[in-house]
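Asker: One file: data-v5.cif (mmCIF, C-alpha atoms).
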```
data_entry
loop_
_atom_site.label_atom_id
_atom_site.label_comp_id
_atom_site.auth_asym_id
_atom_site.auth_seq_id
_atom_site.Cartn_x
_atom_site.Cartn_y
_atom_site.Cartn_z
CA MET Z 1 -22.87 -204.14 -39.87
CA ALA Z 2 -26.50 -203.92 -38.80
CA VAL Z 3 -28.87 -206.32 -40.57
CA GLY Z 4 -31.84 -204.60 -42.18
CA LYS Z 5 -35.41 -205.60 -41.51
CA HIS Z 6 -36.97 -208.27 -43.70
CA ILE Z 7 -40.37 -207.03 -44.91
CA LEU Z 8 -42.96 -208.96 -46.89
CA MET Z 9 -45.17 -207.03 -49.29
CA ILE Z 10 -48.25 -209.11 -49.98
CA LEU Z 11 -50.90 -206.98 -51.64
CA GLY Z 12 -54.20 -208.69 -52.34
CA SER Z 13 -54.90 -205.92 -54.87
CA TYR Z 14 -51.57 -204.96 -56.43
CA ASP Z 15 -50.94 -201.35 -57.42
CA GLN Z 16 -47.64 -200.09 -58.81
CA SER Z 17 -47.94 -196.64 -57.19
CA ALA Z 18 -48.47 -198.13 -53.72
CA HIS Z 19 -45.49 -200.43 -54.38
CA GLU Z 20 -43.37 -197.39 -55.31
CA GLY Z 21 -44.28 -195.65 -52.05
CA ILE Z 22 -43.44 -198.73 -50.00
CA ALA Z 23 -40.16 -199.24 -51.87
CA ARG Z 24 -39.14 -195.62 -51.31
CA TYR Z 25 -39.45 -195.91 -47.53
CA VAL Z 26 -37.83 -199.35 -47.48
CA GLY Z 27 -34.92 -197.97 -49.51
CA GLU Z 28 -34.44 -195.09 -47.09
CA LYS Z 29 -34.20 -197.59 -44.22
CA GLY Z 30 -32.00 -200.12 -45.99
CA TRP Z 31 -34.48 -202.95 -45.45
CA HIS Z 32 -35.05 -205.99 -47.63
CA LEU Z 33 -38.45 -206.01 -49.36
CA ASN Z 34 -39.68 -209.47 -50.33
CA VAL Z 35 -41.87 -209.16 -53.45
CA SER Z 36 -41.51 -212.74 -54.72
CA ILE Z 37 -45.26 -213.18 -54.51
CA LEU Z 38 -45.76 -210.77 -57.43
CA LYS Z 39 -44.86 -213.35 -60.08
CA ASP Z 40 -47.25 -216.06 -58.93
CA PHE Z 41 -49.79 -215.29 -56.25
CA GLN Z 42 -48.77 -218.14 -53.99
CA LEU Z 43 -48.24 -217.48 -50.33
CA PRO Z 44 -44.62 -218.09 -49.28
CA GLN Z 45 -44.06 -221.26 -47.31
CA HIS Z 46 -42.24 -221.10 -43.96
CA TRP Z 47 -41.66 -217.35 -44.31
CA GLN Z 48 -39.87 -215.65 -41.43
CA GLY Z 49 -39.36 -211.93 -41.24
CA ASP Z 50 -39.97 -208.77 -39.27
CA GLY Z 51 -43.15 -207.25 -40.70
CA ILE Z 52 -45.84 -207.40 -43.36
CA ILE Z 53 -47.48 -204.77 -45.54
CA THR Z 54 -50.68 -206.10 -47.05
CA SER Z 55 -53.95 -205.11 -48.62
CA LEU Z 56 -56.49 -207.64 -47.47
CA ASN Z 57 -59.43 -208.56 -49.66
CA ASP Z 58 -61.88 -211.46 -49.64
CA SER Z 59 -59.11 -214.07 -49.89
CA GLN Z 60 -59.38 -216.39 -46.89
CA SER Z 61 -55.94 -217.86 -47.53
CA LEU Z 62 -54.36 -214.38 -47.45
CA GLU Z 63 -56.19 -213.58 -44.22
CA ALA Z 64 -55.08 -216.86 -42.62
CA PHE Z 65 -51.45 -216.33 -43.67
CA VAL Z 66 -51.27 -212.77 -42.33
CA LEU Z 67 -52.83 -213.67 -38.98
CA ALA Z 68 -50.69 -216.80 -38.55
CA ALA Z 69 -47.45 -214.89 -39.28
CA ASN Z 70 -47.75 -213.16 -35.90
CA VAL Z 71 -45.55 -210.19 -36.85
CA PRO Z 72 -46.34 -206.46 -37.00
CA THR Z 73 -48.67 -205.90 -39.96
CA VAL Z 74 -50.14 -202.86 -41.69
CA ASP Z 75 -53.15 -203.10 -43.99
CA LEU Z 76 -53.57 -200.67 -46.92
CA SER Z 77 -57.19 -201.66 -47.53
CA ILE Z 78 -60.63 -201.17 -45.92
CA TRP Z 79 -62.00 -204.49 -47.16
CA ARG Z 80 -61.53 -206.37 -43.88
CA GLN Z 81 -62.42 -203.88 -41.18
CA ASP Z 82 -63.57 -206.82 -39.06
CA ILE Z 83 -59.88 -207.69 -38.58
CA ASP Z 84 -58.14 -205.51 -36.01
CA LEU Z 85 -55.09 -204.18 -37.86
CA PRO Z 86 -53.51 -200.72 -38.13
CA ARG Z 87 -54.45 -199.22 -41.50
CA VAL Z 88 -53.31 -196.52 -43.90
CA VAL Z 89 -55.99 -196.12 -46.53
CA ALA Z 90 -57.52 -193.68 -48.98
CA ASP Z 91 -60.19 -191.33 -47.67
CA ASN Z 92 -62.81 -192.87 -49.93
CA ALA Z 93 -65.51 -190.50 -48.70
CA ALA Z 94 -63.34 -187.56 -49.79
CA ILE Z 95 -62.79 -189.24 -53.17
CA GLY Z 96 -66.55 -189.63 -53.57
CA ARG Z 97 -67.29 -186.02 -52.65
CA LEU Z 98 -64.59 -184.72 -54.98
CA GLY Z 99 -66.27 -186.39 -57.94
CA ALA Z 100 -69.59 -184.75 -57.09
CA GLU Z 101 -67.93 -181.36 -56.67
CA HIS Z 102 -66.36 -181.65 -60.12
CA PHE Z 103 -69.68 -182.42 -61.78
CA LEU Z 104 -71.32 -179.52 -59.96
CA GLU Z 105 -68.58 -177.20 -61.23
CA ILE Z 106 -69.13 -178.23 -64.85
CA ALA Z 107 -72.90 -178.03 -64.32
CA TYR Z 108 -74.16 -181.34 -65.65
CA PRO Z 109 -77.91 -181.51 -64.91
CA HIS Z 110 -77.88 -185.31 -64.54
CA CYS Z 111 -75.36 -187.48 -62.69
CA ALA Z 112 -74.86 -191.24 -62.47
CA TRP Z 113 -72.64 -193.81 -60.77
CA PHE Z 114 -71.11 -197.05 -62.02
CA ALA Z 115 -68.85 -199.74 -60.56
CA LEU Z 116 -68.04 -203.09 -62.15
CA ALA Z 117 -67.75 -204.67 -58.69
CA ASP Z 118 -69.59 -204.03 -55.45
CA ASN Z 119 -67.09 -203.86 -52.58
CA PRO Z 120 -66.34 -201.68 -49.53
CA VAL Z 121 -64.35 -199.16 -51.60
CA SER Z 122 -67.06 -198.62 -54.22
CA GLN Z 123 -69.74 -198.49 -51.52
CA SER Z 124 -67.91 -195.81 -49.54
CA ARG Z 125 -67.21 -193.66 -52.60
CA TYR Z 126 -70.77 -193.97 -53.89
CA LYS Z 127 -72.30 -193.08 -50.53
CA ALA Z 128 -70.35 -189.80 -50.27
CA TYR Z 129 -70.87 -188.98 -53.96
CA HIS Z 130 -74.62 -189.52 -53.68
CA ALA Z 131 -74.88 -187.48 -50.46
CA ARG Z 132 -73.06 -184.47 -51.95
CA LEU Z 133 -75.23 -184.51 -55.08
CA GLU Z 134 -78.32 -184.77 -52.92
CA GLU Z 135 -77.22 -181.64 -51.01
CA ALA Z 136 -77.22 -179.80 -54.35
CA GLY Z 137 -80.67 -181.13 -55.27
CA ILE Z 138 -79.47 -183.63 -57.89
CA SER Z 139 -80.59 -187.25 -57.95
CA CYS Z 140 -77.94 -189.90 -58.62
CA ILE Z 141 -78.78 -192.56 -61.20
CA ARG Z 142 -77.34 -195.99 -60.34
CA LEU Z 143 -76.18 -197.96 -63.37
CA ASP Z 144 -74.75 -200.92 -61.48
CA THR Z 145 -77.63 -202.30 -59.44
CA GLU Z 146 -77.97 -205.33 -61.72
CA ARG Z 147 -75.77 -207.10 -64.29
CA PRO Z 148 -72.97 -204.49 -64.16
CA GLN Z 149 -70.63 -206.66 -66.26
CA ASP Z 150 -73.18 -207.29 -69.02
CA GLY Z 151 -72.05 -204.93 -71.79
CA ASN Z 152 -75.28 -205.09 -73.81
CA PHE Z 153 -77.43 -204.48 -70.75
CA ILE Z 154 -75.35 -201.49 -69.55
CA THR Z 155 -75.27 -200.05 -73.08
CA GLU Z 156 -79.08 -199.96 -73.07
CA LYS Z 157 -78.93 -198.10 -69.77
CA LEU Z 158 -76.43 -195.61 -71.19
CA LEU Z 159 -78.62 -194.94 -74.20
CA ALA Z 160 -81.63 -194.39 -71.93
CA LEU Z 161 -79.88 -191.84 -69.67
CA PRO Z 162 -81.15 -188.25 -69.78
CA LYS Z 163 -78.55 -186.20 -71.64
CA PRO Z 164 -76.21 -184.55 -70.92
CA CYS Z 165 -75.22 -186.80 -68.03
CA ALA Z 166 -72.01 -187.16 -66.02
CA ILE Z 167 -70.94 -190.61 -64.81
CA TYR Z 168 -68.55 -191.15 -61.91
CA THR Z 169 -67.00 -194.60 -61.73
CA LYS Z 170 -65.22 -196.40 -58.95
CA SER Z 171 -61.92 -196.58 -60.86
CA ASP Z 172 -60.18 -195.88 -64.15
CA TYR Z 173 -60.77 -199.49 -65.22
CA ASP Z 174 -64.51 -198.92 -64.86
CA SER Z 175 -64.28 -195.59 -66.71
CA ALA Z 176 -62.45 -197.18 -69.64
CA TRP Z 177 -65.12 -199.90 -69.85
CA ILE Z 178 -67.95 -197.35 -69.86
CA ALA Z 179 -66.10 -195.23 -72.44
CA SER Z 180 -65.75 -198.24 -74.73
CA LEU Z 181 -69.48 -198.94 -74.51
CA CYS Z 182 -70.23 -195.29 -75.30
CA HIS Z 183 -67.96 -195.31 -78.37
CA ASN Z 184 -69.55 -198.51 -79.68
CA ALA Z 185 -73.05 -197.07 -79.17
CA GLY Z 186 -72.26 -193.72 -80.79
CA ILE Z 187 -72.62 -191.74 -77.55
CA ALA Z 188 -70.52 -188.57 -77.63
CA ILE Z 189 -68.01 -188.02 -74.80
CA PRO Z 190 -68.21 -185.53 -73.07
CA GLU Z 191 -71.07 -183.77 -74.90
CA ASP Z 192 -73.66 -186.49 -74.16
CA ILE Z 193 -71.91 -188.29 -71.32
CA ALA Z 194 -68.97 -187.07 -69.26
CA ILE Z 195 -66.87 -189.74 -67.52
CA LEU Z 196 -64.73 -189.43 -64.40
CA GLY Z 197 -62.78 -192.21 -62.73
CA ALA Z 198 -60.38 -192.53 -59.82
CA ASP Z 199 -56.71 -193.53 -59.32
CA ASP Z 200 -55.34 -191.42 -62.23
CA ASN Z 201 -53.63 -194.36 -63.89
CA ARG Z 202 -52.01 -192.58 -66.85
CA LEU Z 203 -51.51 -195.81 -68.81
CA ILE Z 204 -55.30 -196.20 -68.82
CA CYS Z 205 -56.51 -192.60 -68.86
CA GLU Z 206 -54.23 -191.24 -71.58
CA ASN Z 207 -54.61 -194.15 -73.98
CA GLN Z 208 -58.32 -193.92 -74.77
CA LEU Z 209 -60.06 -192.47 -77.83
CA VAL Z 210 -61.17 -189.71 -75.45
CA PRO Z 211 -58.63 -189.29 -72.61
CA LEU Z 212 -60.25 -189.86 -69.22
CA SER Z 213 -60.40 -187.44 -66.30
CA SER Z 214 -59.58 -188.99 -62.95
CA VAL Z 215 -59.32 -188.26 -59.24
CA ARG Z 216 -55.69 -188.36 -58.12
CA HIS Z 217 -55.92 -191.10 -55.50
CA ASP Z 218 -52.62 -190.73 -53.63
CA LEU Z 219 -51.47 -194.34 -53.63
CA GLN Z 220 -47.77 -193.51 -53.37
CA THR Z 221 -48.33 -191.69 -50.09
CA ILE Z 222 -50.49 -194.58 -48.84
CA GLY Z 223 -47.64 -197.00 -49.51
CA TYR Z 224 -44.99 -194.71 -47.98
CA ARG Z 225 -47.04 -193.91 -44.87
CA GLY Z 226 -47.96 -197.58 -44.51
CA ALA Z 227 -44.28 -198.54 -44.42
CA ALA Z 228 -43.59 -195.74 -41.94
CA LEU Z 229 -46.37 -197.04 -39.69
CA LEU Z 230 -44.93 -200.55 -39.91
CA ASP Z 231 -41.58 -199.10 -38.84
CA GLN Z 232 -43.22 -197.72 -35.68
CA LEU Z 233 -44.88 -201.04 -34.90
CA MET Z 234 -41.64 -202.98 -35.33
CA ARG Z 235 -39.96 -200.56 -32.89
CA GLY Z 236 -42.68 -201.25 -30.33
CA ILE Z 237 -44.42 -197.88 -30.70
CA THR Z 238 -48.20 -198.02 -30.43
CA PRO Z 239 -49.80 -195.58 -32.93
CA LYS Z 240 -52.20 -192.96 -31.57
CA ASN Z 241 -54.71 -193.86 -34.26
CA LYS Z 242 -55.13 -197.26 -35.88
CA LEU Z 243 -56.68 -195.70 -38.97
CA THR Z 244 -54.85 -193.12 -41.12
CA LEU Z 245 -56.83 -191.58 -43.98
CA ILE Z 246 -54.93 -190.20 -46.98
CA GLN Z 247 -56.64 -187.40 -48.88
CA PRO Z 248 -56.90 -187.35 -52.69
CA LYS Z 249 -54.68 -184.79 -54.45
CA GLY Z 250 -57.33 -183.29 -56.72
CA ILE Z 251 -58.51 -184.15 -60.22
CA THR Z 252 -56.56 -184.49 -63.44
CA ILE Z 253 -58.96 -183.03 -65.98
CA ARG Z 254 -58.77 -184.56 -69.42
CA GLN Z 255 -61.12 -184.47 -72.38
CA SER Z 256 -63.80 -186.78 -70.91
CA THR Z 257 -65.02 -184.03 -68.55
CA ASP Z 258 -63.49 -180.93 -70.15
CA TYR Z 259 -66.88 -179.48 -71.03
CA LEU Z 260 -69.24 -176.99 -69.44
CA ALA Z 261 -72.82 -178.21 -69.72
CA VAL Z 262 -74.37 -174.74 -69.56
CA THR Z 263 -76.51 -173.47 -72.43
CA ASP Z 264 -77.82 -170.17 -71.02
CA PRO Z 265 -75.79 -167.40 -72.77
CA LEU Z 266 -76.11 -165.06 -69.77
CA ILE Z 267 -74.74 -167.63 -67.31
CA LEU Z 268 -71.88 -168.49 -69.66
CA ARG Z 269 -70.92 -164.81 -69.79
CA VAL Z 270 -71.21 -164.48 -66.00
CA LEU Z 271 -68.99 -167.55 -65.44
CA ASP Z 272 -66.35 -166.17 -67.79
CA TYR Z 273 -66.50 -162.79 -66.04
CA LEU Z 274 -66.10 -164.33 -62.58
CA LYS Z 275 -63.10 -166.38 -63.72
CA SER Z 276 -61.46 -163.37 -65.38
CA ASN Z 277 -61.99 -161.09 -62.37
CA LEU Z 278 -61.13 -163.52 -59.62
CA ARG Z 279 -58.97 -161.08 -57.66
CA ARG Z 280 -61.58 -158.33 -57.50
CA PRO Z 281 -64.28 -158.07 -54.83
CA ILE Z 282 -67.43 -159.04 -56.76
CA GLY Z 283 -71.00 -159.10 -55.49
CA THR Z 284 -74.28 -160.00 -57.15
CA ASN Z 285 -75.13 -156.30 -57.53
CA ASP Z 286 -71.92 -155.81 -59.51
CA LEU Z 287 -73.01 -158.55 -61.90
CA VAL Z 288 -76.50 -157.08 -62.19
CA ARG Z 289 -74.98 -153.78 -63.33
CA GLU Z 290 -72.39 -155.42 -65.58
CA PHE Z 291 -74.92 -157.53 -67.46
CA ASP Z 292 -77.93 -155.20 -67.26
CA THR Z 293 -80.27 -157.76 -65.73
CA SER Z 294 -82.41 -158.07 -62.63
CA ARG Z 295 -81.02 -159.58 -59.44
CA ARG Z 296 -83.88 -162.06 -59.20
CA SER Z 297 -83.46 -163.23 -62.79
CA LEU Z 298 -79.70 -163.62 -62.40
CA GLU Z 299 -79.95 -165.53 -59.12
CA THR Z 300 -82.69 -167.83 -60.42
CA LYS Z 301 -80.91 -168.63 -63.68
CA PHE Z 302 -77.54 -169.08 -61.97
CA ARG Z 303 -78.86 -171.52 -59.37
CA ALA Z 304 -80.77 -173.49 -62.01
CA ALA Z 305 -77.61 -173.88 -64.10
CA MET Z 306 -74.93 -174.28 -61.40
CA HIS Z 307 -76.89 -175.70 -58.42
CA CYS Z 308 -75.46 -173.04 -56.13
CA SER Z 309 -75.51 -169.29 -55.57
CA VAL Z 310 -73.19 -166.82 -57.30
CA ARG Z 311 -71.34 -166.28 -54.01
CA GLU Z 312 -70.90 -170.02 -53.41
CA HIS Z 313 -69.55 -170.52 -56.93
CA LEU Z 314 -67.15 -167.60 -56.59
CA ILE Z 315 -65.75 -169.08 -53.37
CA GLN Z 316 -65.37 -172.46 -55.09
CA ILE Z 317 -63.34 -171.11 -58.00
CA ARG Z 318 -61.22 -168.95 -55.68
CA LEU Z 319 -60.39 -171.95 -53.52
CA LYS Z 320 -59.65 -174.06 -56.58
CA GLU Z 321 -57.21 -171.44 -57.87
CA ALA Z 322 -55.68 -171.18 -54.39
CA GLN Z 323 -55.08 -174.94 -54.35
CA LYS Z 324 -53.35 -174.69 -57.71
CA LEU Z 325 -51.10 -171.87 -56.49
CA LEU Z 326 -50.25 -173.70 -53.27
CA ARG Z 327 -49.17 -176.73 -55.30
CA THR Z 328 -47.26 -174.96 -58.07
CA SER Z 329 -45.89 -171.70 -56.66
CA THR Z 330 -43.71 -170.54 -53.78
CA GLU Z 331 -45.81 -167.45 -53.07
CA PRO Z 332 -46.54 -166.96 -49.34
CA VAL Z 333 -50.06 -167.75 -48.13
CA GLU Z 334 -50.74 -164.04 -47.57
CA GLN Z 335 -49.98 -163.29 -51.22
CA ILE Z 336 -52.08 -166.20 -52.47
CA ALA Z 337 -55.00 -164.87 -50.42
CA ALA Z 338 -54.71 -161.54 -52.24
CA MET Z 339 -54.22 -163.21 -55.64
CA THR Z 340 -57.46 -165.17 -55.26
CA GLY Z 341 -59.68 -162.33 -54.09
CA PHE Z 342 -59.86 -162.92 -50.33
CA CYS Z 343 -59.98 -159.76 -48.27
CA HIS Z 344 -57.20 -160.89 -45.91
CA SER Z 345 -55.15 -163.95 -45.04
CA PRO Z 346 -57.11 -165.07 -41.91
CA HIS Z 347 -60.37 -165.07 -43.91
CA PHE Z 348 -58.69 -167.13 -46.62
CA SER Z 349 -57.25 -169.62 -44.13
CA ASN Z 350 -60.55 -170.02 -42.28
CA THR Z 351 -62.51 -170.53 -45.52
CA PHE Z 352 -59.92 -172.98 -46.84
CA LYS Z 353 -59.90 -175.04 -43.64
CA LYS Z 354 -63.70 -175.10 -43.46
CA LYS Z 355 -63.84 -176.46 -47.02
CA PHE Z 356 -60.92 -178.92 -47.00
CA GLY Z 357 -60.35 -179.70 -43.32
CA ILE Z 358 -56.73 -178.49 -43.29
CA THR Z 359 -54.96 -175.13 -43.39
CA PRO Z 360 -53.40 -173.78 -46.60
CA LYS Z 361 -49.91 -174.34 -45.17
CA SER Z 362 -50.70 -177.98 -44.33
CA PHE Z 363 -52.16 -178.47 -47.80
CA ARG Z 364 -48.98 -177.14 -49.39
CA THR Z 365 -46.84 -179.49 -47.27
CA ARG Z 366 -48.89 -182.53 -48.26
CA ALA Z 367 -49.11 -181.53 -51.92
#
```
Show me the file's structure as structure tokens.
Answerer:
Amino acid sequence: MAVGKHILMILGSYDQSAHEGIARYVGEKGWHLNVSILKDFQLPQHWQGDGIITSLNDSQSLEAFVLAANVPTVDLSIWRQDIDLPRVVADNAAIGRLGAEHFLEIAYPHCAWFALADNPVSQSRYKAYHARLEEAGISCIRLDTERPQDGNFITEKLLALPKPCAIYTKSDYDSAWIASLCHNAGIAIPEDIAILGADDNRLICENQLVPLSSVRHDLQTIGYRGAALLDQLMRGITPKNKLTLIQPKGITIRQSTDYLAVTDPLILRVLDYLKSNLRRPIGTNDLVREFDTSRRSLETKFRAAMHCSVREHLIQIRLKEAQKLLRTSTEPVEQIAAMTGFCHSPHFSNTFKKKFGITPKSFRTRA
């Protein structure tokens, strides 16, 4: 009987979803997964095995152990990019941009960022979030430049924010902390402040006074693909790319951002009309006739409220509906193109790929 590989999982930042992904691949291969380190974070003495899956952080002892082990190793973190290891990690830039896109869709006029800790992950997400907001002409207010863990100090900053304001945080832990400060200060969520986190940890997000929206950071796939990459390395196969980026799977919208911060009655009616007539070919002139207004007035008011043109918004909501259908239905791509108002399938596919970097068929496979 063949002896299975002996793999050590030694995650500097433990996450149950990543563990589940690793365990699933290990189970398929019949390997032994050593997780003894989970009980007490003490590095195993005299360990011998075939490979390591880790997530390096600023721990020097963890770094020294991994490098001294001299076995194939895969890192699931971007913390230590100075160490030359194959990596499977979240596309943190995509996670950052997705948060900005969500706030643009719900039309909050002011946006902010908060992270309890400054590290490579929060830096990468913030940079992309800030850049996307800047493209739309919105400044990003930083709440974490000093004393981020001082509750009284951050509460004063929250009270001083222009309202309504949307805050994107590095993680669900950070979102829950901000939400608690808001509740204690009498700040209404989401009417005064909307809050969005990342990781979609249901135990955190769904057990708040106001349930928290969150970006679905695909940690299970990161763990599974990390184990698959380790399998290649242990078989002597050199990967084509040392860095594999895993895309987020969208946003789980809960009450903390389930609010449209638009007050103009005309724009509210236009948004409802666009959503209800998604399949029809709609142009600005059609809206001008429907709502008996001037083109200039409509375009000016729409851009002021939504930070984009009518056409750009219509494409956004069509693509969002297409993503939903690709995830939840078995309709062919050609039919989904028709159901979301695209004139033909090639136009839909080209628009989808330009926006998300992959084809609709590839998106469906990954989802």
Asker: Selection in question (the file shown): the PyMOL selection byres ((chain Z and resi 31) around 10). Which residues does it include, as a VMD selection string?
Answerer: chain Z and resid 3 to 7 23 25 to 30 32 to 34
Asker: Neighbouring residues of stretch 141-158 of chain Z were defined as those with any atom within 12 Å, considering all atoms listed in the file; residues of the same chain fewer than 6 positions away were excluded. Please report them as an MDAnalysis selection string.
Answerer: chainID Z and resid 109:118 122:123 126:127 129:130 133:134 164:170 174 177:189 192:195
Asker: Please write as a list of chain:residue names the full residue list that the PyMOL selection byres ((chain Z and resi 65) around 12) yields on this file.
Answerer: Z:Leu8, Z:Ile10, Z:Gly12, Z:Gln42, Z:Leu43, Z:Pro44, Z:Gln45, Z:His46, Z:Trp47, Z:Gln48, Z:Ile52, Z:Thr54, Z:Leu56, Z:Ser59, Z:Gln60, Z:Ser61, Z:Leu62, Z:Glu63, Z:Ala64, Z:Val66, Z:Leu67, Z:Ala68, Z:Ala69, Z:Asn70, Z:Val71, Z:Thr73
Asker: How would you write, as a ChimeraX atom specification, the residues chosen by the PyMOL selection byres ((chain Z and resi 101) around 12) on this structure?
Answerer: /Z:94-100,102-108,111,128-136,138,166,168,196,215,250-251,306-308,313,316-317,320,355
Asker: Find the residue from Z:Gln323, Z:Glu331, Z:Gln81, Z:Val210 that sits nearest to Z:Lys353; use only C-alpha atoms when measuring.
Answerer: Z:Gln323
Asker: Of the candidates Z:Asp292, Z:Glu20, Z:Asp84, Z:Asp15, which shows the shortest atom-to-atom distance to Z:Asp200, using only C-alpha atoms?
Answerer: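 Looking only at the distances to Z:Asp200, the closest residue turns out to be Z:Asp15.
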Asker: If you measure from atom CA of Z:Ala227 to atom CA of Z:Gln16, what distance in Å do you get, rounded to one decimal?
Answerer: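 Between atom CA of Z:Ala227 and atom CA of Z:Gln16 the gap works out to 14.9 Å.
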Asker: Rounded to one decimal, what separation in Å do you get between atom CA of Z:Ile315 and atom CA of Z:Ser214?
Answerer: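 One can read the atom CA of Z:Ile315 to atom CA of Z:Ser214 distance as 22.9 Å.
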Asker: Rank Z:Arg327, Z:His347, Z:Arg318, Z:Arg235 by their smallest atom-to-atom distance to Z:Lys361, using all atoms listed in the file, and report the top residue only.
Answerer: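 Closest residue, counting all atoms listed in the file: Z:Arg327.
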Asker: Grab the atom CA of Z:Ala305 to atom CA of Z:Asp272 distance for me, in Å with one decimal place.
Answerer: 14.1 Å
